[in-house]
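Peer 1: Following this line is protein-v4.cif, made up of mmCIF, C-alpha atoms:
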```
data_run
loop_
_atom_site.group_PDB
_atom_site.id
_atom_site.type_symbol
_atom_site.label_atom_id
_atom_site.label_comp_id
_atom_site.auth_asym_id
_atom_site.auth_seq_id
_atom_site.Cartn_x
_atom_site.Cartn_y
_atom_site.Cartn_z
ATOM 1 C CA MET T 37 -40.029 -60.607 47.945
ATOM 2 C CA PRO T 38 -43.424 -60.003 46.309
ATOM 3 C CA ARG T 39 -41.609 -59.590 42.998
ATOM 4 C CA HIS T 40 -40.072 -63.064 43.310
ATOM 5 C CA SER T 41 -43.465 -64.762 43.780
ATOM 6 C CA GLU T 42 -44.857 -62.940 40.711
ATOM 7 C CA ASP T 43 -41.904 -64.138 38.638
ATOM 8 C CA ARG T 44 -42.405 -67.687 39.903
ATOM 9 C CA SER T 45 -46.113 -67.703 39.015
ATOM 10 C CA PHE T 46 -45.359 -66.290 35.577
ATOM 11 C CA VAL T 47 -42.763 -68.988 34.890
ATOM 12 C CA THR T 48 -45.195 -71.646 36.137
ATOM 13 C CA ALA T 49 -47.914 -70.354 33.815
ATOM 14 C CA LEU T 50 -45.467 -70.210 30.906
ATOM 15 C CA VAL T 51 -44.376 -73.824 31.502
ATOM 16 C CA LEU T 52 -48.014 -74.979 31.684
ATOM 17 C CA VAL T 53 -48.853 -73.232 28.401
ATOM 18 C CA ALA T 54 -45.778 -74.767 26.734
ATOM 19 C CA LEU T 55 -46.747 -78.227 27.968
ATOM 20 C CA ALA T 56 -50.315 -77.794 26.707
ATOM 21 C CA ALA T 57 -49.062 -76.627 23.302
ATOM 22 C CA GLY T 58 -46.653 -79.569 23.117
ATOM 23 C CA ALA T 59 -49.426 -82.007 24.005
ATOM 24 C CA PHE T 60 -51.693 -80.526 21.311
ATOM 25 C CA ILE T 61 -48.946 -80.776 18.684
ATOM 26 C CA ALA T 62 -48.113 -84.349 19.706
ATOM 27 C CA TYR T 63 -51.788 -85.326 19.506
ATOM 28 C CA ALA T 64 -52.240 -83.692 16.108
ATOM 29 C CA ARG T 65 -49.039 -85.239 14.785
ATOM 30 C CA TRP T 66 -49.204 -88.826 16.061
ATOM 31 C CA LEU T 67 -52.645 -89.659 17.393
ATOM 32 C CA ALA T 68 -55.146 -87.788 15.212
ATOM 33 C CA PRO T 69 -54.071 -89.243 11.815
ATOM 34 C CA ALA T 70 -54.877 -92.778 13.086
ATOM 35 C CA ALA T 71 -58.524 -91.754 13.399
ATOM 36 C CA THR T 72 -58.674 -90.790 9.709
ATOM 37 C CA ARG T 73 -57.516 -94.185 8.393
ATOM 38 C CA PRO T 74 -60.158 -95.879 6.270
ATOM 39 C CA ALA T 75 -62.345 -98.386 8.052
ATOM 40 C CA PRO T 76 -62.328 -101.975 6.716
ATOM 41 C CA GLY T 77 -64.801 -102.519 3.897
ATOM 42 C CA HIS T 78 -64.891 -98.882 2.749
ATOM 43 C CA GLU T 79 -64.127 -98.165 -0.886
ATOM 44 C CA THR T 80 -60.943 -96.133 -1.398
ATOM 45 C CA GLU T 81 -60.787 -93.663 -4.257
ATOM 46 C CA LYS T 82 -57.762 -91.468 -4.926
ATOM 47 C CA VAL T 83 -58.463 -87.906 -6.035
ATOM 48 C CA ALA T 84 -56.476 -84.690 -6.105
ATOM 49 C CA GLU T 85 -57.495 -81.953 -3.738
ATOM 50 C CA ILE T 86 -60.891 -83.485 -2.883
ATOM 51 C CA THR T 87 -62.315 -83.266 -6.378
ATOM 52 C CA PRO T 88 -64.641 -85.835 -7.944
ATOM 53 C CA ALA T 89 -62.919 -89.021 -9.004
ATOM 54 C CA THR T 90 -61.230 -89.049 -12.365
ATOM 55 C CA SER T 91 -60.114 -91.964 -14.484
ATOM 56 C CA ALA T 92 -56.594 -90.552 -14.667
ATOM 57 C CA PRO T 93 -54.085 -92.486 -12.538
ATOM 58 C CA ARG T 94 -52.390 -90.788 -9.621
ATOM 59 C CA PRO T 95 -48.942 -89.378 -10.549
ATOM 60 C CA ALA T 96 -46.074 -91.436 -9.162
ATOM 61 C CA ASN T 97 -44.617 -88.497 -7.204
ATOM 62 C CA ALA T 98 -47.971 -87.436 -5.678
ATOM 63 C CA ARG T 99 -48.082 -87.677 -1.909
ATOM 64 C CA VAL T 100 -51.254 -88.218 0.137
ATOM 65 C CA ILE T 101 -51.535 -85.474 2.752
ATOM 66 C CA ALA T 102 -54.965 -86.282 4.204
ATOM 67 C CA THR T 103 -57.859 -88.721 4.061
ATOM 68 C CA VAL T 104 -61.505 -87.647 4.172
ATOM 69 C CA TYR T 105 -64.886 -89.346 4.020
ATOM 70 C CA GLU T 106 -67.418 -88.369 1.367
ATOM 71 C CA CYS T 107 -71.132 -88.830 1.899
ATOM 72 C CA HIS T 108 -74.152 -87.736 -0.111
ATOM 73 C CA GLY T 109 -77.173 -86.559 1.810
ATOM 74 C CA PRO T 110 -80.213 -84.333 1.417
ATOM 75 C CA ASN T 111 -77.992 -81.228 1.465
ATOM 76 C CA GLY T 112 -75.612 -82.582 -1.163
ATOM 77 C CA ARG T 113 -72.033 -83.757 -0.886
ATOM 78 C CA VAL T 114 -70.453 -83.736 2.595
ATOM 79 C CA LEU T 115 -66.747 -84.177 3.360
ATOM 80 C CA SER T 116 -65.794 -85.172 6.885
ATOM 81 C CA ASP T 117 -62.816 -86.366 8.905
ATOM 82 C CA ALA T 118 -64.946 -89.194 10.364
ATOM 83 C CA PRO T 119 -67.352 -91.580 8.612
ATOM 84 C CA CYS T 120 -70.559 -89.628 8.057
ATOM 85 C CA ALA T 121 -72.709 -92.543 6.779
ATOM 86 C CA LYS T 122 -72.571 -96.308 6.320
ATOM 87 C CA ASP T 123 -71.867 -95.879 2.612
ATOM 88 C CA ALA T 124 -69.127 -93.241 3.111
ATOM 89 C CA ARG T 125 -66.420 -93.283 0.464
ATOM 90 C CA VAL T 126 -62.836 -92.692 1.500
ATOM 91 C CA ARG T 127 -61.074 -89.942 -0.440
ATOM 92 C CA GLU T 128 -57.374 -89.177 -0.362
ATOM 93 C CA VAL T 129 -56.218 -85.591 -0.659
ATOM 94 C CA LEU T 130 -53.019 -85.322 -2.674
ATOM 95 C CA GLU T 131 -50.283 -82.786 -2.164
ATOM 96 C CA PRO T 132 -50.770 -79.881 -4.606
ATOM 97 C CA ASN T 133 -48.770 -80.138 -7.795
ATOM 98 C CA SER T 134 -46.533 -77.097 -7.734
ATOM 99 C CA MET T 135 -43.261 -75.951 -9.206
ATOM 100 C CA SER T 136 -40.942 -73.340 -7.786
ATOM 101 C CA ALA T 137 -40.418 -70.168 -9.798
ATOM 102 C CA ASP T 138 -36.686 -70.900 -9.938
ATOM 103 C CA ALA T 139 -37.351 -74.091 -11.896
ATOM 104 C CA ALA T 140 -39.420 -72.362 -14.594
ATOM 105 C CA PRO T 141 -37.962 -72.747 -18.079
ATOM 106 C CA GLN T 142 -36.221 -69.704 -19.510
ATOM 107 C CA ALA T 143 -36.614 -68.497 -23.071
ATOM 108 C CA PRO T 144 -33.429 -68.578 -25.139
ATOM 109 C CA SER T 145 -31.553 -65.287 -25.006
ATOM 110 C CA SER T 146 -32.220 -64.689 -28.715
ATOM 111 C CA GLN T 147 -35.982 -64.581 -28.003
ATOM 112 C CA ARG T 148 -35.815 -62.259 -24.995
ATOM 113 C CA PRO T 149 -36.642 -58.607 -25.618
ATOM 114 C CA THR T 150 -33.543 -56.436 -25.447
ATOM 115 C CA SER T 151 -35.311 -53.363 -24.126
ATOM 116 C CA VAL T 152 -38.743 -52.464 -22.874
ATOM 117 C CA GLN T 153 -40.384 -49.439 -24.388
ATOM 118 C CA PRO T 154 -42.718 -47.557 -22.048
ATOM 119 C CA SER T 155 -46.286 -47.587 -23.278
ATOM 120 C CA ARG T 156 -48.145 -44.320 -23.560
ATOM 121 C CA HIS T 157 -51.510 -44.404 -21.794
ATOM 122 C CA LEU T 158 -52.748 -41.202 -23.367
ATOM 123 C CA SER T 159 -54.426 -41.211 -26.748
ATOM 124 C CA GLU T 160 -53.499 -37.563 -27.339
ATOM 125 C CA PRO T 161 -50.354 -35.579 -26.550
ATOM 126 C CA ILE T 162 -50.281 -33.063 -23.718
ATOM 127 C CA SER T 163 -51.347 -29.678 -25.025
ATOM 128 C CA PRO T 164 -49.075 -26.661 -24.437
ATOM 129 C CA ASP T 165 -51.715 -25.213 -22.084
ATOM 130 C CA ASN T 166 -51.638 -28.354 -19.951
ATOM 131 C CA ARG T 167 -47.822 -28.606 -19.919
ATOM 132 C CA ARG T 168 -47.547 -25.665 -17.539
ATOM 133 C CA ARG T 169 -50.488 -26.858 -15.441
ATOM 134 C CA CYS T 170 -48.997 -30.395 -15.248
ATOM 135 C CA ALA T 171 -45.597 -28.979 -14.260
ATOM 136 C CA ASP T 172 -47.242 -26.941 -11.475
ATOM 137 C CA ILE T 173 -49.153 -29.995 -10.216
ATOM 138 C CA ASP T 174 -45.980 -32.141 -10.267
ATOM 139 C CA ALA T 175 -44.054 -29.429 -8.392
ATOM 140 C CA GLU T 176 -46.764 -29.281 -5.715
ATOM 141 C CA ILE T 177 -46.757 -33.103 -5.390
ATOM 142 C CA ASP T 178 -42.957 -33.089 -5.035
ATOM 143 C CA ARG T 179 -43.183 -30.366 -2.365
ATOM 144 C CA ILE T 180 -45.772 -32.340 -0.372
ATOM 145 C CA ASN T 181 -43.761 -35.573 -0.676
ATOM 146 C CA ALA T 182 -40.646 -33.770 0.556
ATOM 147 C CA ARG T 183 -42.617 -32.369 3.512
ATOM 148 C CA MET T 184 -43.930 -35.835 4.390
ATOM 149 C CA ARG T 185 -40.383 -37.181 4.703
ATOM 150 C CA HIS T 186 -40.074 -35.164 7.921
ATOM 151 C CA ALA T 187 -42.002 -35.355 11.173
ATOM 152 C CA TYR T 188 -45.577 -34.131 11.088
ATOM 153 C CA THR T 189 -48.667 -34.306 13.268
ATOM 154 C CA ASN T 190 -51.550 -36.651 12.624
ATOM 155 C CA SER T 191 -53.873 -33.887 11.449
ATOM 156 C CA GLU T 192 -51.168 -32.405 9.215
ATOM 157 C CA GLY T 193 -50.561 -35.861 7.696
ATOM 158 C CA GLU T 194 -54.260 -36.295 6.975
ATOM 159 C CA TYR T 195 -54.352 -32.883 5.290
ATOM 160 C CA LEU T 196 -51.263 -33.661 3.178
ATOM 161 C CA ARG T 197 -52.633 -37.063 2.078
ATOM 162 C CA GLU T 198 -55.958 -35.496 1.148
ATOM 163 C CA ARG T 199 -54.125 -32.803 -0.804
ATOM 164 C CA LEU T 200 -52.119 -35.503 -2.654
ATOM 165 C CA ARG T 201 -55.371 -37.283 -3.580
ATOM 166 C CA ALA T 202 -56.831 -34.024 -4.898
ATOM 167 C CA LEU T 203 -53.670 -33.272 -6.897
ATOM 168 C CA SER T 204 -53.694 -36.792 -8.328
ATOM 169 C CA ALA T 205 -57.287 -36.317 -9.497
ATOM 170 C CA GLU T 206 -56.405 -32.902 -10.921
ATOM 171 C CA ARG T 207 -53.418 -34.433 -12.723
ATOM 172 C CA TRP T 208 -55.670 -37.143 -14.191
ATOM 173 C CA ASN T 209 -58.245 -34.580 -15.365
ATOM 174 C CA ALA T 210 -55.491 -32.511 -16.992
ATOM 175 C CA LYS T 211 -54.295 -35.651 -18.837
ATOM 176 C CA CYS T 212 -50.732 -35.214 -17.621
ATOM 177 C CA GLY T 213 -49.662 -38.805 -18.356
ATOM 178 C CA HIS T 214 -47.666 -40.964 -15.949
#
```
So, in terms of structure tokens, how does the structure I just supplied come out?

Peer 2:
Amino acid sequence: MPRHSEDRSFVTALVLVALAAGAFIAYARWLAPAATRPAPGHETEKVAEITPATSAPRPANARVIATVYECHGPNGRVLSDAPCAKDARVREVLEPNSMSADAAPQAPSSQRPTSVQPSRHLSEPISPDNRRRCADIDAEIDRINARMRHAYTNSEGEYLRERLRALSAERWNAKCGH
């Protein structure tokens, strides 16, 4: 029986939290925006993303997502969700102008590169002395990577990662390339 009362109190708490969350969402969705409507007599100026007013007209497809009040005081410009002074100016925040990546224009197929050539980051070729050293370093890195694909302890993993960092630095100093 004690288990049943614990389950009941948990369900009660869960329902209360859900009701509180629903009330908060309802308030934010339907009641709060009414408080941000401009008061009568305030000048309305439409700007994009709360930037200073521009003479450019608002795009036809721009959507207002918020309204803020702008005031100028001793500390400079202040933006608020409630009137901050008698001479507060109402500013509208427009939805950001964005375009999906799928809608980006594509270059004609005749202008697209047919193949990508790998760039060489080294200004000088690998010397014969370094070829063997680079091959040994790469073999050690491959061995460590293969070992790390299997279960290992925390301390062993730390050792192997530190060893990989050291080999990477050694590879860089030997100018082994990619």

Peer 1: Written as a list in words, which residues does the PyMOL selection byres ((chain T and resi 198-200) around 12) give for the file shown?

Peer 2: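 Against this file, the PyMOL selection byres ((chain T and resi 198-200) around 12) returns the residues Ile173, Asp174, Ala175, Glu176, Ile177, Asp178, Arg179, Ile180, Asn181, Arg183, Met184, Ser191, Glu192, Gly193, Glu194, Tyr195, Leu196, Arg197, Arg201, Ala202, Leu203, Ser204, Ala205, Glu206 and Arg207 of chain T.
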
Peer 1: Can you spell out as a PDB file with C-alpha atoms, keeping the file's coordinate frame the set of residues that the PyMOL selection byres ((chain T and resi 109) around 12) selects in the structure I just provided?

Peer 2:
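The result, written out as out21.pdb:
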```pdb
ATOM      1  CA  GLU T 106     -67.418 -88.369   1.367  1.00  0.00           C
ATOM      2  CA  CYS T 107     -71.132 -88.830   1.899  1.00  0.00           C
ATOM      3  CA  HIS T 108     -74.152 -87.736  -0.111  1.00  0.00           C
ATOM      4  CA  PRO T 110     -80.213 -84.333   1.417  1.00  0.00           C
ATOM      5  CA  ASN T 111     -77.992 -81.228   1.465  1.00  0.00           C
ATOM      6  CA  GLY T 112     -75.612 -82.582  -1.163  1.00  0.00           C
ATOM      7  CA  ARG T 113     -72.033 -83.757  -0.886  1.00  0.00           C
ATOM      8  CA  VAL T 114     -70.453 -83.736   2.595  1.00  0.00           C
ATOM      9  CA  LEU T 115     -66.747 -84.177   3.360  1.00  0.00           C
ATOM     10  CA  CYS T 120     -70.559 -89.628   8.057  1.00  0.00           C
ATOM     11  CA  ALA T 121     -72.709 -92.543   6.779  1.00  0.00           C
ATOM     12  CA  LYS T 122     -72.571 -96.308   6.320  1.00  0.00           C
ATOM     13  CA  ASP T 123     -71.867 -95.879   2.612  1.00  0.00           C
ATOM     14  CA  ALA T 124     -69.127 -93.241   3.111  1.00  0.00           C
TER      15      ALA T 124
END
```

Peer 1: Neighbours of range 99-101 of chain T within 7 Å (all atoms listed in the file; same-chain residues fewer than 3 positions away dropped), as a PyMOL selection string?

Peer 2: chain T and resi 128-131

Peer 1: Measure the distance from CA of Ala64 in chain T to CA of Pro119 in chain T in Å and round it to one decimal.

Peer 2: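 Between CA of Ala64 in chain T and CA of Pro119 in chain T the gap works out to 18.6 Å.
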
Peer 1: Using only C-alpha atoms, which residue out of T:Leu67, T:Ala62, T:Val126, T:Ala56 lies closest to Ala102 in chain T?

Peer 2: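 Using only C-alpha atoms, Ala102 in chain T sits closest to T:Val126.
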
Peer 1: Could you tell me how far CA of Cys212 in chain T sits from CA of Asn166 in chain T, in Å to one decimal place?

Peer 2: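 Those two atoms sit 7.3 Å apart.
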